[in-house]
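Note: the block below is query_29.cif and it holds mmCIF, C-alpha atoms.
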data_structure
#
loop_
_atom_site.label_atom_id
_atom_site.label_comp_id
_atom_site.auth_asym_id
_atom_site.auth_seq_id
_atom_site.Cartn_x
_atom_site.Cartn_y
_atom_site.Cartn_z
CA MET C 1386 14.01 20.63 -1.54
CA THR C 1387 11.67 20.15 -4.45
CA THR C 1388 8.49 18.40 -3.43
CA SER C 1389 6.24 18.98 -6.39
CA LEU C 1390 2.84 17.39 -6.20
CA PRO C 1391 2.12 14.41 -8.37
CA SER C 1392 0.26 15.35 -11.49
CA ALA C 1393 -2.50 12.83 -10.92
CA GLY C 1394 -4.53 14.72 -8.37
CA GLY C 1395 -2.54 14.15 -5.24
CA HIS C 1396 -4.78 11.75 -3.34
CA VAL C 1397 -2.72 9.88 -0.78
CA LEU C 1398 -4.17 7.13 1.38
CA LEU C 1399 -2.39 6.66 4.69
CA SER C 1400 -3.09 3.87 7.16
CA GLY C 1401 -2.93 4.58 10.87
CA GLY C 1402 -3.30 8.35 10.83
CA SER C 1403 -4.96 8.64 14.20
CA ARG C 1404 -1.93 9.40 16.37
CA GLY C 1405 1.83 9.38 16.69
CA LEU C 1406 3.79 9.35 13.47
CA GLY C 1407 0.70 8.82 11.32
CA GLN C 1408 -0.93 11.93 12.76
CA ALA C 1409 2.13 14.05 11.99
CA LEU C 1410 2.28 12.67 8.47
CA VAL C 1411 -1.40 13.37 7.81
CA ARG C 1412 -0.90 16.98 8.93
CA ALA C 1413 2.18 17.35 6.74
CA LEU C 1414 0.51 15.84 3.67
CA LEU C 1415 -2.44 18.19 4.05
CA SER C 1416 -0.11 21.17 4.48
CA ALA C 1417 1.76 20.10 1.35
CA GLY C 1418 -1.50 20.21 -0.62
CA TYR C 1419 -2.34 16.54 -0.86
CA ARG C 1420 -5.81 15.21 -0.37
CA VAL C 1421 -5.52 12.61 2.34
CA SER C 1422 -7.67 9.69 3.34
CA THR C 1423 -6.85 7.89 6.52
CA PHE C 1424 -8.37 5.46 8.95
CA ALA C 1425 -7.92 3.81 12.28
CA ARG C 1426 -9.82 1.21 14.24
CA ARG C 1427 -11.56 3.90 16.22
CA SER C 1428 -11.77 7.64 16.09
CA THR C 1429 -9.48 9.95 18.06
CA PRO C 1430 -9.68 13.68 18.81
CA PHE C 1431 -7.25 14.27 15.95
CA LEU C 1432 -9.34 12.31 13.46
CA ASP C 1433 -12.46 14.08 14.69
CA SER C 1434 -10.73 17.41 14.10
CA LEU C 1435 -10.34 16.50 10.42
CA ALA C 1436 -14.11 16.46 9.93
CA THR C 1437 -14.05 20.10 8.82
CA GLU C 1438 -11.00 19.66 6.61
CA PRO C 1439 -12.22 19.41 3.00
CA ALA C 1440 -8.98 17.77 1.82
CA ALA C 1441 -9.26 14.97 4.37
CA PHE C 1442 -11.38 11.85 4.39
CA VAL C 1443 -11.51 9.81 7.58
CA GLY C 1444 -12.92 6.35 8.06
CA THR C 1445 -12.88 3.43 10.40
CA ALA C 1446 -11.17 0.20 9.41
CA ASP C 1447 -9.10 -2.52 10.99
CA MET C 1448 -5.81 -3.66 9.45
CA ALA C 1449 -6.69 -7.19 10.53
CA ASP C 1450 -10.04 -7.11 8.71
CA GLU C 1451 -9.67 -7.19 4.92
CA ALA C 1452 -13.34 -6.49 4.32
CA SER C 1453 -13.10 -3.26 6.31
CA LEU C 1454 -10.00 -2.23 4.34
CA ARG C 1455 -11.81 -2.95 1.09
CA ALA C 1456 -14.76 -0.82 2.17
CA PHE C 1457 -12.48 2.03 3.20
CA VAL C 1458 -10.49 2.03 -0.06
CA ALA C 1459 -13.77 2.10 -2.00
CA ALA C 1460 -15.15 4.95 0.11
CA ALA C 1461 -11.93 6.96 -0.18
CA GLY C 1462 -12.01 6.43 -3.95
CA ARG C 1463 -15.57 7.71 -4.11
CA ARG C 1464 -14.55 10.82 -2.19
CA PHE C 1465 -11.29 11.79 -3.91
CA GLY C 1466 -10.90 9.36 -6.80
CA PRO C 1467 -8.49 6.43 -6.76
CA PRO C 1468 -5.40 7.06 -4.62
CA TRP C 1469 -2.22 8.08 -6.42
CA GLY C 1470 -0.14 7.45 -3.31
CA LEU C 1471 -0.21 4.99 -0.43
CA VAL C 1472 1.57 5.28 2.89
CA ASN C 1473 1.57 2.10 4.97
CA CYS C 1474 1.98 3.61 8.39
CA ALA C 1475 -0.31 1.63 10.69
CA GLY C 1476 1.65 -0.47 13.09
CA VAL C 1477 1.80 -1.83 16.58
CA ALA C 1478 4.88 -2.60 18.64
CA ILE C 1479 4.67 -4.96 21.56
CA ASP C 1480 7.99 -5.68 23.21
CA GLY C 1481 9.09 -8.66 25.18
CA VAL C 1482 11.31 -11.66 24.69
CA LEU C 1483 9.81 -14.04 22.22
CA ALA C 1484 9.96 -17.05 24.54
CA SER C 1485 7.37 -15.51 26.85
CA MET C 1486 5.40 -13.41 24.38
CA ALA C 1487 1.75 -14.32 24.01
CA PRO C 1488 1.10 -15.92 20.63
CA SER C 1489 -1.82 -13.51 20.23
CA ASP C 1490 0.62 -10.57 20.48
CA VAL C 1491 2.82 -12.09 17.77
CA GLU C 1492 -0.22 -12.55 15.57
CA LYS C 1493 -1.47 -9.04 16.28
CA MET C 1494 1.81 -7.53 15.07
CA MET C 1495 1.93 -9.79 12.03
CA SER C 1496 -1.65 -9.06 11.02
CA THR C 1497 -1.45 -5.30 11.56
CA ASN C 1498 2.09 -4.46 10.49
CA LEU C 1499 2.67 -6.92 7.69
CA THR C 1500 -0.34 -8.88 6.44
CA GLY C 1501 -2.60 -5.87 6.75
CA ALA C 1502 -0.12 -3.64 4.93
CA MET C 1503 0.14 -6.20 2.16
CA LEU C 1504 -3.62 -6.57 1.79
CA LEU C 1505 -4.14 -2.81 1.83
CA THR C 1506 -1.42 -2.43 -0.78
CA ARG C 1507 -3.11 -5.09 -2.90
CA LEU C 1508 -6.40 -3.22 -2.77
CA VAL C 1509 -4.88 0.14 -3.63
CA LEU C 1510 -2.77 -1.37 -6.40
CA ARG C 1511 -5.86 -2.68 -8.11
CA THR C 1512 -7.11 0.88 -8.50
CA MET C 1513 -3.67 2.24 -9.40
CA LEU C 1514 -3.32 -0.28 -12.22
CA LEU C 1515 -6.57 0.89 -13.78
CA GLN C 1516 -5.62 4.55 -13.58
CA ARG C 1517 -2.42 4.03 -15.57
CA GLN C 1518 -0.98 7.19 -14.03
CA GLY C 1519 1.77 5.58 -12.01
CA GLY C 1520 1.87 6.09 -8.30
CA ALA C 1521 4.02 5.99 -5.21
CA ILE C 1522 3.93 3.67 -2.25
CA VAL C 1523 5.88 4.38 0.91
CA ASN C 1524 6.12 1.75 3.61
CA ILE C 1525 6.96 2.98 7.08
CA SER C 1526 9.47 0.43 8.28
CA SER C 1527 11.99 0.74 11.10
CA ILE C 1528 15.69 0.45 11.78
CA ILE C 1529 14.65 -2.56 13.84
CA ALA C 1530 14.21 -4.40 10.53
CA SER C 1531 17.92 -4.39 9.79
CA ARG C 1532 19.53 -4.29 13.24
CA GLY C 1533 19.01 -6.68 16.09
CA TYR C 1534 17.25 -5.37 19.18
CA SER C 1535 16.46 -7.70 22.04
CA GLY C 1536 12.77 -7.92 22.82
CA LEU C 1537 11.61 -6.88 19.37
CA ALA C 1538 11.94 -10.09 17.36
CA ALA C 1539 8.34 -10.22 16.18
CA TYR C 1540 8.19 -6.49 15.46
CA ALA C 1541 11.51 -6.76 13.59
CA ALA C 1542 10.17 -9.62 11.50
CA THR C 1543 7.16 -7.57 10.43
CA LYS C 1544 9.28 -4.62 9.43
CA GLY C 1545 11.85 -6.79 7.67
CA GLY C 1546 9.01 -8.37 5.77
CA MET C 1547 7.78 -4.93 4.83
CA ASP C 1548 11.19 -3.97 3.41
CA ALA C 1549 11.28 -7.22 1.45
CA MET C 1550 7.85 -6.39 0.05
CA THR C 1551 9.16 -2.95 -0.92
CA ARG C 1552 11.95 -4.42 -3.03
CA ALA C 1553 9.83 -7.12 -4.68
CA LEU C 1554 6.99 -4.74 -5.50
CA ALA C 1555 9.40 -2.17 -6.90
CA ARG C 1556 10.44 -4.74 -9.50
CA GLU C 1557 6.88 -5.92 -10.07
CA LEU C 1558 5.46 -2.46 -10.65
CA GLY C 1559 8.33 -0.51 -12.15
CA ASP C 1560 7.13 -0.65 -15.72
CA ARG C 1561 3.76 0.76 -14.65
CA GLY C 1562 5.45 3.82 -13.19
CA ILE C 1563 4.57 2.86 -9.63
CA ARG C 1564 7.46 3.45 -7.25
CA VAL C 1565 7.76 1.60 -3.94
CA ASN C 1566 10.08 2.66 -1.15
CA SER C 1567 10.49 2.28 2.60
CA ILE C 1568 11.35 4.76 5.28
CA ALA C 1569 13.13 3.28 8.28
CA PRO C 1570 12.90 5.67 11.21
CA GLY C 1571 14.95 5.18 14.32
CA TYR C 1572 13.41 5.55 17.77
CA LEU C 1573 10.85 8.33 17.62
CA GLU C 1574 9.31 10.32 20.45
CA THR C 1575 5.85 8.80 20.08
CA GLU C 1576 3.45 6.77 22.16
CA MET C 1577 5.14 3.73 20.70
CA THR C 1578 8.36 4.50 22.61
CA HIS C 1579 6.81 5.79 25.84
CA GLY C 1580 7.64 2.45 27.39
CA LEU C 1581 11.38 3.04 27.10
CA THR C 1582 13.19 3.42 30.40
CA ASP C 1583 15.35 6.50 31.01
CA GLN C 1584 18.36 4.23 30.76
CA GLN C 1585 17.28 2.89 27.36
CA ARG C 1586 16.52 6.39 26.17
CA GLU C 1587 19.98 7.65 27.23
CA MET C 1588 21.65 4.73 25.51
CA ILE C 1589 19.87 5.46 22.23
CA VAL C 1590 20.76 9.14 22.41
CA ARG C 1591 24.39 8.26 23.20
CA ARG C 1592 24.55 6.06 20.11
CA THR C 1593 22.93 8.66 17.86
CA PRO C 1594 25.37 11.10 16.24
CA LEU C 1595 22.72 13.78 16.04
CA GLY C 1596 22.25 13.44 19.80
CA ARG C 1597 18.52 12.99 20.31
CA LEU C 1598 15.58 10.73 19.66
CA GLY C 1599 13.75 11.35 16.42
CA ARG C 1600 10.52 13.29 16.22
CA PRO C 1601 7.62 12.44 13.95
CA GLU C 1602 8.36 15.66 12.06
CA ASP C 1603 11.77 14.24 11.09
CA VAL C 1604 10.00 11.75 8.85
CA VAL C 1605 7.98 14.40 7.01
CA GLY C 1606 10.70 15.61 4.63
CA PRO C 1607 11.73 12.10 3.55
CA LEU C 1608 8.07 11.14 2.99
CA LEU C 1609 7.29 14.22 0.89
CA PHE C 1610 10.47 13.57 -1.08
CA LEU C 1611 9.66 9.92 -1.79
CA LEU C 1612 6.11 10.81 -2.89
CA SER C 1613 7.24 13.65 -5.09
CA ASP C 1614 8.53 13.80 -8.64
CA ALA C 1615 11.90 14.70 -7.13
CA ALA C 1616 12.20 10.99 -6.31
CA GLY C 1617 11.00 10.01 -9.77
CA PHE C 1618 13.96 7.66 -10.29
CA VAL C 1619 14.00 6.19 -6.79
CA THR C 1620 12.35 2.86 -6.17
CA GLY C 1621 12.94 -0.28 -4.13
CA GLN C 1622 14.95 1.63 -1.53
CA THR C 1623 14.87 1.97 2.21
CA LEU C 1624 15.64 5.47 3.43
CA THR C 1625 16.93 5.42 7.00
CA VAL C 1626 15.91 8.39 9.15
CA ASP C 1627 17.55 7.79 12.51
CA GLY C 1628 19.94 10.64 13.22
CA GLY C 1629 22.75 8.25 12.38
CA THR C 1630 22.01 5.66 15.07
CA THR C 1631 22.78 2.79 12.71
CA CYS C 1632 25.62 4.36 10.75
CA MET W 1326 -27.96 -4.50 -29.24
CA THR W 1327 -27.03 -5.90 -25.85
CA GLU W 1328 -23.55 -7.37 -25.63
CA THR W 1329 -23.24 -11.01 -24.70
CA VAL W 1330 -21.00 -12.10 -21.84
CA PRO W 1331 -18.24 -13.28 -24.23
CA GLN W 1332 -18.42 -9.99 -26.10
CA ARG W 1333 -18.09 -8.01 -22.87
CA ILE W 1334 -15.11 -10.14 -21.80
CA HIS W 1335 -13.45 -9.70 -25.18
CA ARG W 1336 -13.95 -5.94 -24.97
CA VAL W 1337 -12.19 -5.87 -21.59
CA PHE W 1338 -9.25 -7.81 -23.02
CA ARG W 1339 -9.06 -5.52 -26.06
CA ASP W 1340 -9.03 -2.48 -23.73
CA VAL W 1341 -6.09 -3.89 -21.80
CA PHE W 1342 -4.19 -4.64 -25.01
CA ALA W 1343 -4.93 -1.12 -26.25
CA ASN W 1344 -3.78 0.44 -22.98
CA ARG W 1345 -0.52 -1.46 -23.27
CA GLY W 1346 -0.08 -0.16 -26.80
CA ARG W 1347 -0.44 -3.60 -28.33
CA ARG W 1348 -2.78 -4.95 -30.95
CA SER W 1349 -5.17 -7.51 -29.62
CA PRO W 1350 -4.87 -10.93 -31.23
CA GLU W 1351 -8.07 -12.55 -32.44
CA LEU W 1352 -9.87 -13.60 -29.27
CA MET W 1353 -11.55 -16.99 -29.24
CA ALA W 1354 -12.93 -19.33 -26.63
CA GLU W 1355 -9.87 -21.51 -27.19
CA SER W 1356 -7.38 -18.67 -26.63
CA PRO W 1357 -5.03 -19.71 -23.81
CA LEU W 1358 -4.88 -17.46 -20.76
CA ASP W 1359 -1.11 -17.39 -20.56
CA ALA W 1360 1.84 -15.42 -21.90
CA SER W 1361 1.24 -16.78 -25.41
CA LEU W 1362 -1.78 -14.50 -25.60
CA GLY W 1363 0.58 -11.53 -25.36
CA LEU W 1364 -0.24 -10.34 -21.86
CA GLU W 1365 1.98 -10.36 -18.77
CA SER W 1366 1.02 -11.31 -15.21
CA LEU W 1367 0.24 -7.74 -14.25
CA ASP W 1368 -1.91 -7.35 -17.36
CA PHE W 1369 -3.97 -10.37 -16.31
CA ALA W 1370 -4.33 -8.77 -12.86
CA GLU W 1371 -5.68 -5.69 -14.59
CA VAL W 1372 -8.06 -7.82 -16.64
CA VAL W 1373 -9.45 -9.38 -13.45
CA VAL W 1374 -10.00 -5.96 -11.86
CA ARG W 1375 -11.66 -4.64 -15.02
CA LEU W 1376 -13.88 -7.70 -15.24
CA GLU W 1377 -14.94 -7.11 -11.63
CA MET W 1378 -15.92 -3.56 -12.58
CA GLU W 1379 -17.71 -4.81 -15.69
CA PHE W 1380 -19.68 -7.60 -14.02
CA GLY W 1381 -19.74 -6.56 -10.36
CA VAL W 1382 -18.36 -9.88 -9.18
CA ASP W 1383 -14.84 -11.20 -8.68
CA PRO W 1384 -14.60 -14.98 -9.10
CA PHE W 1385 -10.83 -14.57 -8.61
CA ALA W 1386 -11.20 -13.15 -5.09
CA ASN W 1387 -9.77 -16.34 -3.60
CA GLY W 1388 -7.31 -17.15 -6.35
CA VAL W 1389 -7.67 -18.59 -9.80
CA PRO W 1390 -10.72 -20.90 -9.85
CA ALA W 1391 -9.95 -24.49 -10.79
CA GLY W 1392 -9.96 -25.31 -14.46
CA VAL W 1393 -9.56 -21.76 -15.77
CA ARG W 1394 -7.06 -22.05 -18.63
CA ARG W 1395 -8.73 -20.63 -21.71
CA LEU W 1396 -10.75 -17.54 -22.52
CA GLY W 1397 -13.89 -19.62 -22.87
CA ASP W 1398 -13.52 -20.73 -19.24
CA LEU W 1399 -14.19 -17.13 -18.24
CA TYR W 1400 -17.55 -17.07 -20.01
CA ARG W 1401 -19.14 -19.40 -17.47
CA LEU W 1402 -17.50 -17.58 -14.53
CA TYR W 1403 -19.19 -14.33 -15.44
CA ALA W 1404 -22.39 -15.76 -16.92
#
Here is the file; what I need is its structure written in the form of structure tokens.
Amino acid sequence: MTTSLPSAGGHVLLSGGSRGLGQALVRALLSAGYRVSTFARRSTPFLDSLATEPAAFVGTADMADEASLRAFVAAAGRRFGPPWGLVNCAGVAIDGVLASMAPSDVEKMMSTNLTGAMLLTRLVLRTMLLQRQGGAIVNISSIIASRGYSGLAAYAATKGGMDAMTRALARELGDRGIRVNSIAPGYLETEMTHGLTDQQREMIVRRTPLGRLGRPEDVVGPLLFLLSDAAGFVTGQTLTVDGGTTC
Amino acid sequence: MTETVPQRIHRVFRDVFANRGRRSPELMAESPLDASLGLESLDFAEVVVRLEMEFGVDPFANGVPAGVRRLGDLYRLYA
């Protein structure tokens, strides 16, 4: 697969790179030759390990705190120049039926997964517009956005909102050469799904033609594709990466 | 000679027109800040970001301030 680097310097800003899927994506982007800036609310051993990586910039910011996002985007820009790419990966999943879910948990998912992603996108867009070199935005959504799963109503709403943002922004930004797409992974073997029971896990595998849960690495190829010039005519789309679970 | 605030604002607008490959119309305090000026919504967004870089403040941080309809209204915002 062709995954040529963007011509504009290859700085990609990724939210939520401290663990799980985000961690795997940061590693992959660095291996592919991108310069990567990422942040989380607090440091982790993985983020600490990036301190000696010259192509990585790590900061602390909270998706629910716009001022901290603003400061991080500015700092990342000072380090590597304005981002050419943005990956909205930070997310939290709290499961439970809505009727008994704490309102604070609903708000936490909304502010991190959706509002935060939108505000971060707004900040990065402001720098992209000035650069006039196009860009690529990839929103990490979920198959939960398009299929009903009991106990994930609030999470589903955030991801559905993200996909809607993808389509609207694709139209808004198309003539500036900024592409916007979503990736919708299925259930991945990450900390986010550690709470699944064996029974739930077996059911997902049974319903998945490729016969296993996804791994973070399964999302790497689709991400590199959507960022690359190979996807130069692809925008406003949601690419499902679920081993066929939803086919 | 030091540029005045209106001159700096006009320069930012002319830059955005130039970047879009369009000729800037004559800019006056009475020029309306709408599509009739020849800029689209995203162009105005770019103007706001460039003005923030030019002046170091963003009066549009919480939306369009009340009463901002014409170019001249921007002069007082950045004064």
Item to complete: Enumerate as a PyMOL selection string the residues belonging to chain W that approach chain C to within 8 Å, with all atoms listed in the file taken into account.
Response: chain W and resi 1370-1371+1374-1375
Discussion item. Selection in question (the file shown): the PyMOL selection byres ((chain C and resi 1497-1503) around 12). Which residues does it include, as a PyMOL selection string?
Written reply: chain C and resi 1399-1401+1425-1426+1446-1455+1471-1479+1489-1496+1504-1510+1522-1527+1539-1551+1553-1554
Fill in: Selection dump of the PyMOL selection byres ((chain W and resi 1381-1397) around 12), as JSON, numbers by chain
{"C": [1451, 1452, 1455, 1507, 1508], "W": [1330, 1331, 1332, 1334, 1335, 1337, 1338, 1351, 1352, 1353, 1354, 1355, 1356, 1357, 1358, 1359, 1360, 1361, 1362, 1369, 1370, 1371, 1372, 1373, 1374, 1375, 1376, 1377, 1378, 1379, 1380, 1398, 1399, 1400, 1401, 1402, 1403, 1404]}
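Our summary of the geometry notes that CA of Gly1444 in chain C is positioned 4.7 Å from CA of Phe1424 in chain C.
Note that the spacing between CA of Leu1595 in chain C and CA of Gly1629 in chain C amounts to 6.6 Å.
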Show me the residues close to (12.3, -6.5, 21.1) - anything with an atom within 7 Å, counting all atoms listed in the file - and format the list as a PDB file with C-alpha atoms, keeping the file's coordinate frame.
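See part-v8.pdb below for the written result:
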ATOM      1  CA  ASP C1480       7.990  -5.680  23.210  1.00  0.00           C
ATOM      2  CA  GLY C1481       9.090  -8.660  25.180  1.00  0.00           C
ATOM      3  CA  VAL C1482      11.310 -11.660  24.690  1.00  0.00           C
ATOM      4  CA  TYR C1534      17.250  -5.370  19.180  1.00  0.00           C
ATOM      5  CA  SER C1535      16.460  -7.700  22.040  1.00  0.00           C
ATOM      6  CA  GLY C1536      12.770  -7.920  22.820  1.00  0.00           C
ATOM      7  CA  LEU C1537      11.610  -6.880  19.370  1.00  0.00           C
ATOM      8  CA  ALA C1538      11.940 -10.090  17.360  1.00  0.00           C
ATOM      9  CA  TYR C1540       8.190  -6.490  15.460  1.00  0.00           C
TER      10      TYR C1540
END
Worksheet item: Could you name the residues that touch Glu1574 in chain C at 9 Å or less, counting all atoms listed in the file, but leaving out those on the same chain fewer than 4 positions away, as a ChimeraX atom specification?
Response: /C:1405-1406,1578-1579,1598-1601
Would you export the selected residues with C-alpha atoms as a compact mmCIF listing (two decimals), keeping the file's coordinate frame, please?
# COMPACT_ATOMS: atom_id res chain seq x y z
CA GLY C 1405 1.83 9.38 16.69
CA LEU C 1406 3.79 9.35 13.47
CA THR C 1578 8.36 4.50 22.61
CA HIS C 1579 6.81 5.79 25.84
CA LEU C 1598 15.58 10.73 19.66
CA GLY C 1599 13.75 11.35 16.42
CA ARG C 1600 10.52 13.29 16.22
CA PRO C 1601 7.62 12.44 13.95
Practice prompt. For a cut-off of 12 Å around (14.5, 6.6, -6.1), file coordinates, pick out all residues using only C-alpha atoms and list them as a list in words.
Written response: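 Every polymer residue passing the test: Ala1521, Ile1522, Val1523, Arg1552, Ala1555, Gly1559, Gly1562, Ile1563, Arg1564, Val1565, Asn1566, Ser1567, Ile1568, Pro1607, Phe1610, Leu1611, Leu1612, Ser1613, Asp1614, Ala1615, Ala1616, Gly1617, Phe1618, Val1619, Thr1620, Gly1621, Gln1622, Thr1623 and Leu1624 of chain C.
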Item to complete: With a distance cut-off of 12 Å and all atoms listed in the file, select the neighbouring residues of Thr1593 in chain C, excluding the residue or stretch itself and same-chain residues fewer than 6 positions from it, and output the selection as a ChimeraX atom specification.
Response: /C:1571-1572,1586-1587,1599,1626-1632
Worksheet item: Suppose you want the space between CA of Phe1442 in chain C and CA of Arg1464 in chain C; what is it in Å?
Response: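 Computing it gives 7.4 Å between the two atoms.
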Discussion item. List the spatial neighbours of range 1433-1440 of chain C as a list in words - criterion: any atom at most 8 Å away, only C-alpha atoms, same-chain residues fewer than 3 positions off excluded.
Written reply: Leu1415, Tyr1419, Arg1420, Val1421, Ser1428, Thr1429, Pro1430 and Val1443 of chain C
Item to complete: Compare C:Ala1456, C:Ala1409, C:His1396, C:Asp1583 by their minimum atom-to-atom distance to Ala1441 in chain C, counting only C-alpha atoms, and give me the closest one.
Response: C:His1396
